[in-house]
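Student: Mind looking over this structure? Questions follow.
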Amino acid sequence: MLIIKDLHAEIDGKEILSGINLELKAGEIHAIMGPNGSGKSTLAAVLSGRDLVSVTKGTVLYKGNNLLEMSPEKRAHAGIFLGFQYPIEIPGVSMINFMKTAINEQRKAKGLEPIKPSDFLKLMRDKKALVDMDSSLTSRSVNEGFSGGEKKRNEIFQMAMLEPVLAILDETDSGLDIDALRTVANGVNKLKTPENACIVITHYQRLLDYIIPDRVHVLYKGKIVKSSGKELALELEEKGYDWIKKENDK
Amino acid sequence: MEKEQDKILNDITQGEYKYGFHSDIEMETIPKGLNEETVRRISKKKNEPDFMLEYRLKAFRHWQSMKMPGWAHLKIPEIDYQDIIYYAAPKKKPVLDSLDDVDPELKETFDKLGISLDEQKRLTGVAVDAVIDSVSVKTTFKETLAELGIIFCSFSEAVQEHPDLIKKYMGSVVPYSDNFFATLNSAVFSDGSFCYIPKGVRCPMELSTYFRINAANTGQFERTLIVADEGSYVSYLEGCTAPQRDENQLHAAIVEIVAMENAEVKYSTVQNWYPGNKDGIGGIYNFVTKRGICKGDNSKISWTQVETGSAITWKYPSCILKGNNSVGEFFSVAVTNNHQQADTGTKMIHVGKNTKSIIVSKGISAGKSNNSYRGLVKVLKNAENARNFSQCDSLLLGDRCGAHTFPQIEADNPGAIIEHEATTSKIGEDQIFYCNQRGISTEDAIALIVNGYTREVLNKLPMEFAVEAQKLLQISLEGSVG
């Protein structure tokens, strides 16, 4: 589904990613871990098409297409979803309106008619239940005045609504208490199908108690320095990132 | 990143003005220039009674002693008042018995603008007075309205047919000496709309005036007078467009509203004069004096405006709350893009007891434009229990535009309660990206955010207008991401 080859990227002339290689197949969940500043969020930004980051070298193929040539909204239409580390507030735009516009834009891209209002409301209800989201939140402006936990839950809610092919969750676990963490993870697990895939970016191992990854990659100084099964996460938890740093800074 | 931002900002070029055509209609004009003779000729052309000519001459003589005001937050290039044509009219004399008499070219012009003069075809039930350059060409539904005693006609016709009403009310809210542009208008105004709603009548349809500047080098000076007698109600709409021309054209209008006891007048404007091109060449100078008086007790005047056009806008629709328990409202969305400048707001003058006013102003600035809110809330000594609430919000797109707020409060009664709230926000790149990531294009994202921001005001517009206004906002801001 996703093949990243020798990806180099910089922000304001400073190289952040220095040769990433990664392959993701349908039905898989990959975890990307690493210390602060290792390039995790930058990778998410490149995949979602944020223009703050410029790719200097390498390729990214998504379902056989050159992902880097696609605009952010085209990528969304093609099924890529980014769960934001810091969800953005949009005052004056209600969640309902926002979601409806998003869904209809994605439907339009697929040549479908706009969703029927009754179907839309039903979808909202179902997905809210799935992620255990407070009903009143959807009638408020997008993320405005939401608590940290509510914002993260809202990201998972949007993911549930849009049913992406490839979801990238950028530190969705940070700032969540254990109950919220469980609900969020639960949401991700329920949405898993053999056709879609997920990249979970996280700093801590604890999210991986609930979301079981097929592969764990450790990112350090813009490179994947270790890849292994889920046991790598536990090893990291035990030894800390210093272990990785020592090994690589030799 | 900065380069990228510059690039995006420089893309502010696609917002095309779709009303920029002009029509080849044979025109009759009075030569350029302004002197007493011009004023006399306009009056003569219109076959006016003596009191009108005297009014005009009084205004003209006063105007000669006046200077253009310089207090607004605007850069106004010098205007050569001798280089303007003050009267232009379609040559075919527009005294029309039926629609067949309308110049086909003229009819086509209004069809292009989406304003059908053909009553039979209209489903929406809006009575229209169409003013092109200096004269009113057609008023629809006149007969239907007459059955209820409602007078809705061109100003010139009212001068001929209802001179008593004109004499009584013209200049009673905006006196001829009011300000530089109002005085100029009082001297040279050519046409406009007149509307009288008799006692206890609720006007069954929206009344609408559509203003169109067509001729080159021509100024448009129209005036509108609305009188709502005791216990009556009327909702009035005004729309404006102009062709795309390289030179600046002057529009200096007057709107006067009189609301008697228990009467209510709702006045809505969607102003879309040509704003000039992306480099700031051309466009209309829109210097307008709009004022209403809540003369009787329990009366209400409500101004709603969506201002997207004009190179320069100078406009402060105001309410004098004279009657006890009277209410004044002002809801405004003003958009400026490219090099547009707007200095707009309102004045609420509380005279009577228990008077209330609400001001909601939403400014949106994009490109290199400047957008100012200027407001005055004045509570006179005897205005017991006066209340005002003002809310002034500014939304910025990009970092080369400006938003300014000049609220002024003068309270001479210690019991007055006056509240003022203001916010300034910016459509950020991260908001746009957030929308993009969910599959919403940048243009749609801006529309979504702007609609959310302006909803409170757009909701006040009559349905049909609200849709048009929403589209207009979208067009005005096309490509203006910051």
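Chain labels A, B, ... are given in the sequence in which chains occur in the structure tokens; within each chain residues are numbered consecutively from 1, and ligands are likewise numbered from 1 in the order shown.
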Tell me which protein, DNA and RNA residues are within 12 Å of stretch 146-148 of chain B, counting only C-alpha atoms, leaving out same-chain ones fewer than 5 positions away, and put them as a list in words.

Tutor: Ala127, Thr140, Phe141, Cys153, Cys195, Tyr196, Ile197, Pro198, Lys199, Gly200, Val201, Arg202, Cys203, Pro204, Met205 and Ser232 of chain B

Student: Using only C-alpha atoms and a distance of at most 9 Å, pull out the residues of chain B that contact chain A, as a list in words.

Tutor: Met1, Glu4, Ile427, Asp430, Gln431, Phe433, Tyr434, Cys435, Asn436, Gln437, Arg438, Gly439, Ile440, Ser441, Thr442, Asp444, Leu448, Ile449, Val450, Asn451, Gly452, Tyr453, Thr454 and Arg455 of chain B

Student: To one decimal place in Å, what is the distance between atom CA of B:Ser357 and atom CA of B:Phe331?

Tutor: 10.9 Å

Student: I'd like the contact shell of stretch 413-422 of chain B - 10 Å cut-off, only C-alpha atoms, skipping same-chain residues fewer than 3 positions apart - returned as a PyMOL selection string.

Tutor: chain B and resi 350+354-362+377-394+405+407+409-410

Student: Mind dumping the selected residues with C-alpha atoms as a PDB file, in the first residue's frame?

Tutor:
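Listed below is the output, again-v8.pdb:
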ATOM      1  CA  HIS B 350     -30.360  57.454  21.803  1.00  0.00           C
ATOM      2  CA  ASN B 354     -35.869  52.834  27.011  1.00  0.00           C
ATOM      3  CA  THR B 355     -34.236  52.915  23.586  1.00  0.00           C
ATOM      4  CA  LYS B 356     -32.157  49.966  22.528  1.00  0.00           C
ATOM      5  CA  SER B 357     -29.514  49.440  19.889  1.00  0.00           C
ATOM      6  CA  ILE B 358     -27.523  46.480  18.677  1.00  0.00           C
ATOM      7  CA  ILE B 359     -24.423  46.673  16.526  1.00  0.00           C
ATOM      8  CA  VAL B 360     -22.822  43.599  14.998  1.00  0.00           C
ATOM      9  CA  SER B 361     -19.984  44.349  12.639  1.00  0.00           C
ATOM     10  CA  LYS B 362     -17.891  41.708  10.919  1.00  0.00           C
ATOM     11  CA  VAL B 377     -23.033  55.278  20.379  1.00  0.00           C
ATOM     12  CA  LYS B 378     -24.460  58.453  21.826  1.00  0.00           C
ATOM     13  CA  VAL B 379     -26.873  58.568  24.735  1.00  0.00           C
ATOM     14  CA  LEU B 380     -28.492  61.955  25.310  1.00  0.00           C
ATOM     15  CA  LYS B 381     -29.280  63.335  28.727  1.00  0.00           C
ATOM     16  CA  ASN B 382     -32.949  62.428  28.744  1.00  0.00           C
ATOM     17  CA  ALA B 383     -32.572  58.960  27.292  1.00  0.00           C
ATOM     18  CA  GLU B 384     -33.351  57.034  30.459  1.00  0.00           C
ATOM     19  CA  ASN B 385     -32.581  53.321  30.457  1.00  0.00           C
ATOM     20  CA  ALA B 386     -30.825  53.359  27.120  1.00  0.00           C
ATOM     21  CA  ARG B 387     -29.058  50.144  26.213  1.00  0.00           C
ATOM     22  CA  ASN B 388     -26.509  49.339  23.599  1.00  0.00           C
ATOM     23  CA  PHE B 389     -24.622  46.227  22.729  1.00  0.00           C
ATOM     24  CA  SER B 390     -21.817  46.372  20.171  1.00  0.00           C
ATOM     25  CA  GLN B 391     -19.771  43.576  18.775  1.00  0.00           C
ATOM     26  CA  CYS B 392     -16.973  44.266  16.315  1.00  0.00           C
ATOM     27  CA  ASP B 393     -15.056  41.367  14.905  1.00  0.00           C
ATOM     28  CA  SER B 394     -12.230  41.442  12.414  1.00  0.00           C
ATOM     29  CA  THR B 405     -11.721  49.640  14.978  1.00  0.00           C
ATOM     30  CA  PRO B 407     -15.612  52.832  18.498  1.00  0.00           C
ATOM     31  CA  ILE B 409     -19.155  56.153  23.137  1.00  0.00           C
ATOM     32  CA  GLU B 410     -20.732  59.300  24.537  1.00  0.00           C
TER      33      GLU B 410
END

Student: Would you please give, as a PDB file with C-alpha atoms, in the first residue's frame, all residues of stretch 82-229 of chain A that DSSP assigns to strand (DSSP E or B) based on the backbone?

Tutor:
ATOM      1  CA  LEU A  82      -3.927  12.264   9.613  1.00  0.00           C
ATOM      2  CA  GLY A  83      -4.821  12.300  13.270  1.00  0.00           C
ATOM      3  CA  ILE A  90     -11.877  26.541  13.768  1.00  0.00           C
ATOM      4  CA  PRO A  91     -14.215  29.030  15.467  1.00  0.00           C
ATOM      5  CA  GLY A  92     -17.609  29.570  13.850  1.00  0.00           C
ATOM      6  CA  VAL A  93     -17.623  26.274  11.934  1.00  0.00           C
ATOM      7  CA  SER A  94     -19.718  23.607  13.595  1.00  0.00           C
ATOM      8  CA  SER A 141     -17.340  24.674  16.650  1.00  0.00           C
ATOM      9  CA  VAL A 142     -14.504  22.460  15.450  1.00  0.00           C
ATOM     10  CA  LEU A 166      -4.401   4.695   5.515  1.00  0.00           C
ATOM     11  CA  ALA A 167      -4.620   6.381   8.898  1.00  0.00           C
ATOM     12  CA  ILE A 168      -1.627   8.120  10.387  1.00  0.00           C
ATOM     13  CA  LEU A 169      -2.060   8.870  14.068  1.00  0.00           C
ATOM     14  CA  ASP A 170       0.463  11.419  15.227  1.00  0.00           C
ATOM     15  CA  ALA A 197      -3.667   0.157   7.348  1.00  0.00           C
ATOM     16  CA  CYS A 198      -2.496   2.361  10.154  1.00  0.00           C
ATOM     17  CA  ILE A 199       0.672   4.125  11.183  1.00  0.00           C
ATOM     18  CA  VAL A 200       0.724   4.873  14.886  1.00  0.00           C
ATOM     19  CA  ILE A 201       3.274   7.444  15.883  1.00  0.00           C
ATOM     20  CA  THR A 202       3.930   7.417  19.572  1.00  0.00           C
ATOM     21  CA  ARG A 215       5.881  -3.854  13.166  1.00  0.00           C
ATOM     22  CA  VAL A 216       7.648  -1.359  15.387  1.00  0.00           C
ATOM     23  CA  HIS A 217      10.158   1.081  13.932  1.00  0.00           C
ATOM     24  CA  VAL A 218      12.475   3.293  15.876  1.00  0.00           C
ATOM     25  CA  LEU A 219      13.216   6.645  14.336  1.00  0.00           C
ATOM     26  CA  TYR A 220      16.320   8.507  15.388  1.00  0.00           C
ATOM     27  CA  LYS A 223      16.466   7.543  10.063  1.00  0.00           C
ATOM     28  CA  ILE A 224      14.808   4.272  10.973  1.00  0.00           C
ATOM     29  CA  VAL A 225      17.517   2.682  13.080  1.00  0.00           C
ATOM     30  CA  LYS A 226      15.647  -0.410  14.237  1.00  0.00           C
ATOM     31  CA  SER A 227      12.669  -2.375  12.975  1.00  0.00           C
ATOM     32  CA  SER A 228      11.198  -5.411  14.585  1.00  0.00           C
TER      33      SER A 228
END

Student: Taking the DSSP secondary structure from the backbone, can you list the residues of stretch 2-234 of chain A that are helix (DSSP H, G or I), as JSON, numbers by chain?

Tutor: {"A": [40, 41, 42, 43, 44, 45, 46, 47, 48, 67, 68, 69, 72, 73, 74, 75, 76, 77, 95, 96, 97, 98, 99, 100, 101, 102, 103, 104, 105, 106, 107, 108, 109, 117, 118, 119, 120, 121, 122, 123, 124, 125, 126, 127, 128, 129, 130, 131, 135, 136, 137, 138, 139, 148, 149, 150, 151, 152, 153, 154, 155, 156, 157, 158, 159, 160, 161, 162, 178, 179, 180, 181, 182, 183, 184, 185, 186, 187, 188, 189, 190, 191, 206, 207, 208, 209, 231, 232, 233, 234]}

Student: What would the file look like if the residues just selected were written as a compact mmCIF listing (two decimals), in the first residue's frame with C-alpha atoms?

Tutor:
# COMPACT_ATOMS: atom_id res chain seq x y z
CA LYS A 40 8.27 11.43 13.66
CA SER A 41 5.89 14.33 13.10
CA THR A 42 7.83 15.48 10.07
CA LEU A 43 7.23 12.09 8.50
CA ALA A 44 3.51 12.48 9.20
CA ALA A 45 3.63 15.95 7.65
CA VAL A 46 5.30 14.65 4.49
CA LEU A 47 2.75 11.88 4.11
CA SER A 48 -0.20 14.24 4.55
CA LEU A 67 2.01 10.45 -3.34
CA LEU A 68 4.31 13.47 -3.28
CA GLU A 69 2.66 14.91 -6.38
CA PRO A 72 -3.33 17.38 0.61
CA GLU A 73 -7.03 17.20 -0.30
CA LYS A 74 -6.35 14.71 -3.12
CA ARG A 75 -4.55 12.54 -0.62
CA ALA A 76 -7.53 12.78 1.71
CA HIS A 77 -9.81 11.79 -1.16
CA MET A 95 -18.43 20.05 13.75
CA ILE A 96 -21.57 18.89 11.94
CA ASN A 97 -21.05 21.29 9.07
CA PHE A 98 -17.35 20.52 8.93
CA MET A 99 -17.89 16.76 8.83
CA LYS A 100 -20.66 17.02 6.28
CA THR A 101 -18.51 19.17 4.00
CA ALA A 102 -15.57 16.78 4.38
CA ILE A 103 -17.66 13.70 3.66
CA ASN A 104 -19.36 15.28 0.69
CA GLU A 105 -16.08 16.51 -0.78
CA GLN A 106 -14.69 13.01 -0.52
CA ARG A 107 -17.83 11.58 -2.05
CA LYS A 108 -17.67 14.12 -4.85
CA ALA A 109 -14.11 13.05 -5.63
CA PRO A 117 -29.13 14.16 5.65
CA SER A 118 -30.83 11.23 7.39
CA ASP A 119 -27.94 8.90 6.51
CA PHE A 120 -25.49 11.50 7.71
CA LEU A 121 -27.19 11.89 11.07
CA LYS A 122 -27.30 8.15 11.55
CA LEU A 123 -23.62 7.86 10.67
CA MET A 124 -22.82 10.58 13.20
CA ARG A 125 -24.75 8.78 15.90
CA ASP A 126 -23.13 5.43 15.23
CA LYS A 127 -19.61 6.75 15.14
CA LYS A 128 -20.08 8.90 18.20
CA ALA A 129 -21.11 5.80 20.09
CA LEU A 130 -18.11 3.95 18.71
CA VAL A 131 -15.62 6.42 20.13
CA SER A 135 -23.04 14.21 22.01
CA SER A 136 -22.86 17.95 22.62
CA LEU A 137 -19.36 18.21 21.13
CA THR A 138 -20.56 17.79 17.57
CA SER A 139 -22.82 20.80 17.78
CA GLY A 148 -7.02 18.04 25.28
CA GLY A 149 -8.67 14.65 25.63
CA GLU A 150 -11.80 15.74 23.76
CA LYS A 151 -9.70 16.99 20.87
CA LYS A 152 -7.93 13.65 20.54
CA ARG A 153 -11.18 11.77 20.77
CA ASN A 154 -12.57 14.05 18.09
CA GLU A 155 -9.70 13.04 15.81
CA ILE A 156 -10.63 9.39 16.20
CA PHE A 157 -14.28 10.29 15.67
CA GLN A 158 -13.42 11.99 12.38
CA MET A 159 -11.37 8.99 11.38
CA ALA A 160 -14.36 6.76 12.09
CA MET A 161 -16.58 9.04 10.00
CA LEU A 162 -14.22 9.18 7.02
CA ILE A 178 -5.76 5.93 30.82
CA ASP A 179 -9.51 5.71 30.20
CA ALA A 180 -9.39 7.99 27.21
CA LEU A 181 -6.39 6.08 25.92
CA ARG A 182 -8.34 2.88 26.12
CA THR A 183 -11.31 4.34 24.26
CA VAL A 184 -9.12 5.80 21.54
CA ALA A 185 -7.28 2.51 21.10
CA ASN A 186 -10.56 0.68 21.12
CA GLY A 187 -11.79 2.92 18.32
CA VAL A 188 -8.71 2.22 16.24
CA ASN A 189 -9.03 -1.53 16.75
CA LYS A 190 -12.69 -1.57 15.80
CA LEU A 191 -11.94 0.28 12.59
CA ARG A 206 1.65 2.29 26.71
CA LEU A 207 -0.62 2.89 23.66
CA LEU A 208 0.80 -0.32 22.23
CA ASP A 209 -0.67 -2.24 25.15
CA GLU A 231 8.48 -6.92 21.32
CA LEU A 232 10.74 -4.03 20.33
CA ALA A 233 8.35 -1.62 21.99
CA LEU A 234 8.74 -3.44 25.29

Student: Take atom CA of B:Glu261 and atom CA of B:Ser172 and report the distance between them in Å, one decimal.

Tutor: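 If I compute the distance from atom CA of B:Glu261 to atom CA of B:Ser172, I get 16.6 Å.
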
Student: Excluding B:Asn337 and its own-chain neighbours fewer than 6 positions away, which residues fall within 8 Å of it when counting only C-alpha atoms? Please give them as a short mmCIF file (atom, residue, chain, number, x, y, z; two decimals) with C-alpha atoms, in the first residue's frame.

Tutor:
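And here is the file that came out, out.cif:
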data_model
loop_
_atom_site.label_atom_id
_atom_site.label_comp_id
_atom_site.auth_asym_id
_atom_site.auth_seq_id
_atom_site.Cartn_x
_atom_site.Cartn_y
_atom_site.Cartn_z
CA SER B 365 -9.68 41.91 5.16
CA ALA B 366 -7.58 40.17 2.53
CA GLY B 367 -4.84 41.13 0.10
CA LYS B 368 -3.41 44.59 0.76
CA SER B 369 -6.72 46.03 1.79
CA SER B 476 -14.71 38.28 -3.37
CA LEU B 477 -12.24 36.20 -1.43
CA SER B 480 -6.92 35.09 -1.02
#
